[in-house]
Amino acid sequence: MADFPSKVNTETSTQNSQQGGNRAALSASISTRMDVSFIRSVQGILMMVEIVVGFLQWMLVACVNHWANPAYGWVLFVAVTLWILTIVLFILLLFSVQQQMAFVPWPMTVMVYNGVAAVLFLTAFIANAATVSFFRGSYSFGHFGASAFFAAVMTLLYGASAFFSYLDWRAAVSRSVSRSVGRSAAPSFLWTQHHHKHLM
């Protein structure tokens, strides 16, 4: 009976070490799947700024009487929708989901998304800026003025993302063309060698 506490302590320490090992393995697995280089890239930084600024922009509109003017329904719809989609796209790219979904033309998809988002935010900015004067002298005036400024910033951010996405897409197309040319050139080279040997 004297050795009972030592057995309990041994089993408890073994369970704790196993749990610690499981946590370490889980964190290692997550960090392995996470593309840390994407966070440091220009596109990753732009997306993180878009998420933060986009949140500020739609919160400024949502926390006041935006229903007083129908234009702010469109502004809020654009801001919230693109904010959610940008978060989803950021997570997909961060965890390299595009490698498991190779059938999706990711460079083109990201480029088109950013281009469409820039155009939509431009319309939201115009609608926002054109109706700010209606609230002059009210509590909402400052909120709508600030949201118009952030909408302009978001337009520029998505425009910059579209430009860098275009560069990525063009590079991906160039790599694809180079690979296809290399594959087609190899059989031609082998046929030339075989034909030369046959003539000799």
# chains A, B, ... in the order shown; residues from 1 in each chain; ligands from 1
call {"tool": "residues_around", "arguments": {"residues": "Gly145 in chain A", "least_positions_apart": "5", "cutoff": "12 Å", "atoms": "only C-alpha atoms", "output": "mmCIF file with N, CA and C atoms, in the first residue's frame"}}
result
data_model
loop_
_atom_site.group_PDB
_atom_site.id
_atom_site.type_symbol
_atom_site.label_atom_id
_atom_site.label_comp_id
_atom_site.auth_asym_id
_atom_site.auth_seq_id
_atom_site.Cartn_x
_atom_site.Cartn_y
_atom_site.Cartn_z
ATOM 1 N N GLN A 57 -14.929 51.602 -41.008
ATOM 2 C CA GLN A 57 -15.810 52.306 -41.946
ATOM 3 C C GLN A 57 -17.268 51.918 -41.757
ATOM 4 N N LEU A 60 -18.807 53.057 -38.310
ATOM 5 C CA LEU A 60 -19.172 54.473 -38.267
ATOM 6 C C LEU A 60 -20.569 54.705 -38.836
ATOM 7 N N VAL A 61 -20.915 53.944 -39.869
ATOM 8 C CA VAL A 61 -22.239 54.088 -40.479
ATOM 9 C C VAL A 61 -23.291 53.368 -39.650
ATOM 10 N N PHE A 125 -18.257 55.234 -51.808
ATOM 11 C CA PHE A 125 -17.669 56.520 -51.433
ATOM 12 C C PHE A 125 -18.452 57.680 -52.040
ATOM 13 N N ILE A 126 -18.806 57.549 -53.329
ATOM 14 C CA ILE A 126 -19.564 58.615 -53.992
ATOM 15 C C ILE A 126 -20.912 58.816 -53.319
ATOM 16 N N ALA A 127 -21.605 57.700 -53.034
ATOM 17 C CA ALA A 127 -22.902 57.797 -52.364
ATOM 18 C C ALA A 127 -22.771 58.397 -50.978
ATOM 19 N N ASN A 128 -21.717 58.002 -50.266
ATOM 20 C CA ASN A 128 -21.476 58.513 -48.915
ATOM 21 C C ASN A 128 -21.157 60.012 -48.932
ATOM 22 N N ALA A 129 -20.223 60.394 -49.783
ATOM 23 C CA ALA A 129 -19.787 61.788 -49.830
ATOM 24 C C ALA A 129 -20.886 62.721 -50.330
ATOM 25 N N ALA A 130 -21.744 62.235 -51.227
ATOM 26 C CA ALA A 130 -22.787 63.084 -51.800
ATOM 27 C C ALA A 130 -23.906 63.383 -50.815
ATOM 28 N N THR A 131 -24.034 62.583 -49.777
ATOM 29 C CA THR A 131 -25.162 62.752 -48.842
ATOM 30 C C THR A 131 -24.742 63.231 -47.460
ATOM 31 N N VAL A 132 -23.450 63.467 -47.259
ATOM 32 C CA VAL A 132 -22.992 63.920 -45.944
ATOM 33 C C VAL A 132 -23.609 65.269 -45.578
ATOM 34 N N SER A 133 -23.738 66.161 -46.575
ATOM 35 C CA SER A 133 -24.226 67.522 -46.295
ATOM 36 C C SER A 133 -25.645 67.536 -45.741
ATOM 37 N N PHE A 134 -26.435 66.484 -46.011
ATOM 38 C CA PHE A 134 -27.810 66.432 -45.496
ATOM 39 C C PHE A 134 -27.842 66.346 -43.966
ATOM 40 N N PHE A 135 -26.748 65.912 -43.356
ATOM 41 C CA PHE A 135 -26.707 65.715 -41.910
ATOM 42 C C PHE A 135 -25.895 66.805 -41.203
ATOM 43 N N ARG A 136 -25.607 67.882 -41.932
ATOM 44 C CA ARG A 136 -24.825 68.961 -41.337
ATOM 45 C C ARG A 136 -25.545 69.527 -40.110
ATOM 46 N N GLY A 137 -24.816 69.709 -39.030
ATOM 47 C CA GLY A 137 -25.379 70.226 -37.799
ATOM 48 C C GLY A 137 -25.935 69.165 -36.873
ATOM 49 N N SER A 138 -25.974 67.897 -37.334
ATOM 50 C CA SER A 138 -26.498 66.819 -36.502
ATOM 51 C C SER A 138 -25.347 65.992 -35.937
ATOM 52 N N TYR A 139 -25.691 65.111 -35.016
ATOM 53 C CA TYR A 139 -24.692 64.236 -34.385
ATOM 54 C C TYR A 139 -24.069 63.286 -35.407
ATOM 55 N N SER A 140 -24.842 62.900 -36.438
ATOM 56 C CA SER A 140 -24.381 61.911 -37.417
ATOM 57 C C SER A 140 -23.411 62.494 -38.429
ATOM 58 N N PHE A 150 -12.960 57.068 -44.927
ATOM 59 C CA PHE A 150 -12.504 55.678 -44.893
ATOM 60 C C PHE A 150 -12.930 54.917 -46.151
ATOM 61 N N ALA A 151 -14.070 55.281 -46.727
ATOM 62 C CA ALA A 151 -14.485 54.644 -47.984
ATOM 63 C C ALA A 151 -13.507 54.987 -49.105
ATOM 64 N N ALA A 152 -13.020 56.240 -49.113
ATOM 65 C CA ALA A 152 -12.008 56.618 -50.101
ATOM 66 C C ALA A 152 -10.708 55.843 -49.875
#
call {"tool": "residues_around", "arguments": {"residues": "Ala124 in chain A", "least_positions_apart": "6", "cutoff": "9 Å", "atoms": "only C-alpha atoms", "output": "VMD selection string"}}
result
chain A and resid 71 to 72 74 to 76 78 to 79 148 151 to 152
call {"tool": "write_last_selection", "arguments": {"atoms": "N, CA, C and O atoms", "output": "PDB file, in the first residue's frame"}}
result
ATOM      1  N   ALA A  71     -29.210  55.991 -49.330  1.00  0.00           N
ATOM      2  CA  ALA A  71     -27.866  55.784 -49.874  1.00  0.00           C
ATOM      3  C   ALA A  71     -26.980  55.010 -48.915  1.00  0.00           C
ATOM      4  O   ALA A  71     -26.111  54.241 -49.334  1.00  0.00           O
ATOM      5  N   TYR A  72     -27.215  55.183 -47.617  1.00  0.00           N
ATOM      6  CA  TYR A  72     -26.364  54.514 -46.633  1.00  0.00           C
ATOM      7  C   TYR A  72     -26.689  53.031 -46.497  1.00  0.00           C
ATOM      8  O   TYR A  72     -25.896  52.283 -45.928  1.00  0.00           O
ATOM      9  N   TRP A  74     -26.862  51.186 -49.187  1.00  0.00           N
ATOM     10  CA  TRP A  74     -25.893  50.666 -50.151  1.00  0.00           C
ATOM     11  C   TRP A  74     -24.465  50.722 -49.577  1.00  0.00           C
ATOM     12  O   TRP A  74     -23.696  49.775 -49.728  1.00  0.00           O
ATOM     13  N   VAL A  75     -24.133  51.830 -48.926  1.00  0.00           N
ATOM     14  CA  VAL A  75     -22.805  51.972 -48.329  1.00  0.00           C
ATOM     15  C   VAL A  75     -22.550  50.861 -47.313  1.00  0.00           C
ATOM     16  O   VAL A  75     -21.495  50.220 -47.312  1.00  0.00           O
ATOM     17  N   LEU A  76     -23.527  50.617 -46.465  1.00  0.00           N
ATOM     18  CA  LEU A  76     -23.385  49.590 -45.430  1.00  0.00           C
ATOM     19  C   LEU A  76     -23.325  48.199 -46.039  1.00  0.00           C
ATOM     20  O   LEU A  76     -22.546  47.347 -45.595  1.00  0.00           O
ATOM     21  N   VAL A  78     -22.205  47.323 -49.062  1.00  0.00           N
ATOM     22  CA  VAL A  78     -20.890  47.142 -49.689  1.00  0.00           C
ATOM     23  C   VAL A  78     -19.812  46.924 -48.633  1.00  0.00           C
ATOM     24  O   VAL A  78     -18.998  46.002 -48.736  1.00  0.00           O
ATOM     25  N   ALA A  79     -19.821  47.763 -47.596  1.00  0.00           N
ATOM     26  CA  ALA A  79     -18.767  47.704 -46.577  1.00  0.00           C
ATOM     27  C   ALA A  79     -18.785  46.381 -45.816  1.00  0.00           C
ATOM     28  O   ALA A  79     -17.737  45.738 -45.640  1.00  0.00           O
ATOM     29  N   ALA A 148     -17.023  58.509 -45.077  1.00  0.00           N
ATOM     30  CA  ALA A 148     -16.693  58.849 -46.460  1.00  0.00           C
ATOM     31  C   ALA A 148     -15.181  58.837 -46.671  1.00  0.00           C
ATOM     32  O   ALA A 148     -14.681  58.347 -47.697  1.00  0.00           O
ATOM     33  N   ALA A 151     -14.070  55.281 -46.727  1.00  0.00           N
ATOM     34  CA  ALA A 151     -14.485  54.644 -47.984  1.00  0.00           C
ATOM     35  C   ALA A 151     -13.507  54.987 -49.105  1.00  0.00           C
ATOM     36  O   ALA A 151     -13.188  54.136 -49.945  1.00  0.00           O
ATOM     37  N   ALA A 152     -13.020  56.240 -49.113  1.00  0.00           N
ATOM     38  CA  ALA A 152     -12.008  56.618 -50.101  1.00  0.00           C
ATOM     39  C   ALA A 152     -10.708  55.843 -49.875  1.00  0.00           C
ATOM     40  O   ALA A 152     -10.071  55.377 -50.828  1.00  0.00           O
TER      41      ALA A 152
END
call {"tool": "residues_around", "arguments": {"residues": "Gln43 in chain A", "least_positions_apart": "6", "cutoff": "12 Å", "atoms": "only C-alpha atoms", "output": "list in words"}}
result
Ser37, Val49, Glu50, Thr86, Leu89, Phe90, Leu93, Leu94, Pro107, Val110, Met111, Asn114, Leu157, Tyr158, Gly159, Ala160, Ser161, Ala162, Phe163, Phe164, Ser165, Tyr166, Leu167 and Asp168 of chain A
call {"tool": "write_last_selection", "arguments": {"atoms": "N, CA, C and O atoms", "output": "compact mmCIF listing (two decimals), in the first residue's frame"}}
result
# COMPACT_ATOMS: atom_id res chain seq x y z
N SER A 37 4.76 33.57 -44.50
CA SER A 37 5.31 34.51 -45.49
C SER A 37 4.21 35.35 -46.13
O SER A 37 4.48 36.48 -46.57
N VAL A 49 -4.84 45.48 -43.49
CA VAL A 49 -5.25 46.88 -43.37
C VAL A 49 -6.69 47.06 -43.85
O VAL A 49 -7.47 47.80 -43.24
N GLU A 50 -7.06 46.37 -44.92
CA GLU A 50 -8.44 46.44 -45.43
C GLU A 50 -9.44 45.93 -44.40
O GLU A 50 -10.52 46.50 -44.24
N THR A 86 -13.41 39.59 -47.47
CA THR A 86 -11.96 39.79 -47.34
C THR A 86 -11.40 38.95 -46.20
O THR A 86 -10.30 38.39 -46.31
N LEU A 89 -11.30 35.36 -47.53
CA LEU A 89 -10.21 35.20 -48.49
C LEU A 89 -8.85 35.24 -47.80
O LEU A 89 -7.94 34.47 -48.15
N PHE A 90 -8.70 36.09 -46.80
CA PHE A 90 -7.44 36.17 -46.06
C PHE A 90 -7.14 34.85 -45.35
O PHE A 90 -6.00 34.38 -45.37
N LEU A 93 -6.08 32.17 -47.94
CA LEU A 93 -4.71 32.35 -48.42
C LEU A 93 -3.69 32.12 -47.31
O LEU A 93 -2.59 31.61 -47.57
N LEU A 94 -4.04 32.49 -46.08
CA LEU A 94 -3.12 32.31 -44.96
C LEU A 94 -2.83 30.83 -44.71
O LEU A 94 -1.69 30.45 -44.40
N PRO A 107 -4.84 33.18 -58.75
CA PRO A 107 -4.35 34.53 -59.07
C PRO A 107 -5.39 35.38 -59.79
O PRO A 107 -5.58 36.55 -59.46
N VAL A 110 -8.36 36.26 -57.25
CA VAL A 110 -8.00 37.34 -56.32
C VAL A 110 -7.95 38.68 -57.05
O VAL A 110 -8.40 39.70 -56.53
N MET A 111 -7.40 38.68 -58.26
CA MET A 111 -7.31 39.92 -59.04
C MET A 111 -8.71 40.47 -59.36
O MET A 111 -8.97 41.67 -59.17
N ASN A 114 -10.44 41.85 -56.12
CA ASN A 114 -9.94 43.15 -55.70
C ASN A 114 -10.38 44.26 -56.65
O ASN A 114 -10.70 45.37 -56.21
N LEU A 157 -7.04 51.22 -51.22
CA LEU A 157 -6.45 49.95 -50.77
C LEU A 157 -6.80 48.81 -51.70
O LEU A 157 -5.92 48.02 -52.09
N TYR A 158 -8.07 48.71 -52.08
CA TYR A 158 -8.47 47.64 -53.00
C TYR A 158 -7.90 47.87 -54.40
O TYR A 158 -7.59 46.91 -55.11
N GLY A 159 -7.74 49.13 -54.78
CA GLY A 159 -7.07 49.41 -56.05
C GLY A 159 -5.63 48.95 -56.04
O GLY A 159 -5.15 48.35 -57.02
N ALA A 160 -4.91 49.22 -54.94
CA ALA A 160 -3.53 48.75 -54.81
C ALA A 160 -3.48 47.22 -54.80
O ALA A 160 -2.61 46.61 -55.43
N SER A 161 -4.43 46.58 -54.09
CA SER A 161 -4.48 45.11 -54.06
C SER A 161 -4.74 44.55 -55.45
O SER A 161 -4.16 43.53 -55.83
N ALA A 162 -5.60 45.23 -56.22
CA ALA A 162 -5.88 44.78 -57.59
C ALA A 162 -4.63 44.87 -58.45
O ALA A 162 -4.35 43.99 -59.26
N PHE A 163 -3.85 45.93 -58.26
CA PHE A 163 -2.61 46.10 -59.03
C PHE A 163 -1.61 44.99 -58.71
O PHE A 163 -1.06 44.36 -59.62
N PHE A 164 -1.37 44.75 -57.42
CA PHE A 164 -0.42 43.70 -57.05
C PHE A 164 -0.95 42.31 -57.40
O PHE A 164 -0.17 41.41 -57.72
N SER A 165 -2.26 42.13 -57.35
CA SER A 165 -2.84 40.86 -57.77
C SER A 165 -2.65 40.65 -59.28
O SER A 165 -2.44 39.52 -59.74
N TYR A 166 -2.74 41.74 -60.02
CA TYR A 166 -2.48 41.66 -61.46
C TYR A 166 -1.05 41.23 -61.73
O TYR A 166 -0.80 40.40 -62.62
N LEU A 167 -0.09 41.78 -60.96
CA LEU A 167 1.31 41.38 -61.13
C LEU A 167 1.49 39.89 -60.81
O LEU A 167 2.21 39.17 -61.52
N ASP A 168 0.82 39.40 -59.74
CA ASP A 168 0.89 37.98 -59.40
C ASP A 168 0.28 37.12 -60.49
O ASP A 168 0.82 36.06 -60.83
call {"tool": "closest_residue", "arguments": {"among": "A:Met154, A:Ala171, A:Ala146, A:Met101", "to": "Leu120 in chain A", "atoms": "only C-alpha atoms"}}
result
A:Met154
call {"tool": "atom_distance", "arguments": {"atom1": "CA of Val153 in chain A", "atom2": "CA of Arg40 in chain A"}}
result
21.0 Å
call {"tool": "atom_distance", "arguments": {"atom1": "CA of Met47 in chain A", "atom2": "CA of Arg170 in chain A"}}
result
19.8 Å
call {"tool": "closest_residue", "arguments": {"among": "A:Ala117, A:Arg33, A:Gly73, A:Gly142", "to": "Gln98 in chain A", "atoms": "only C-alpha atoms"}}
result
A:Arg33
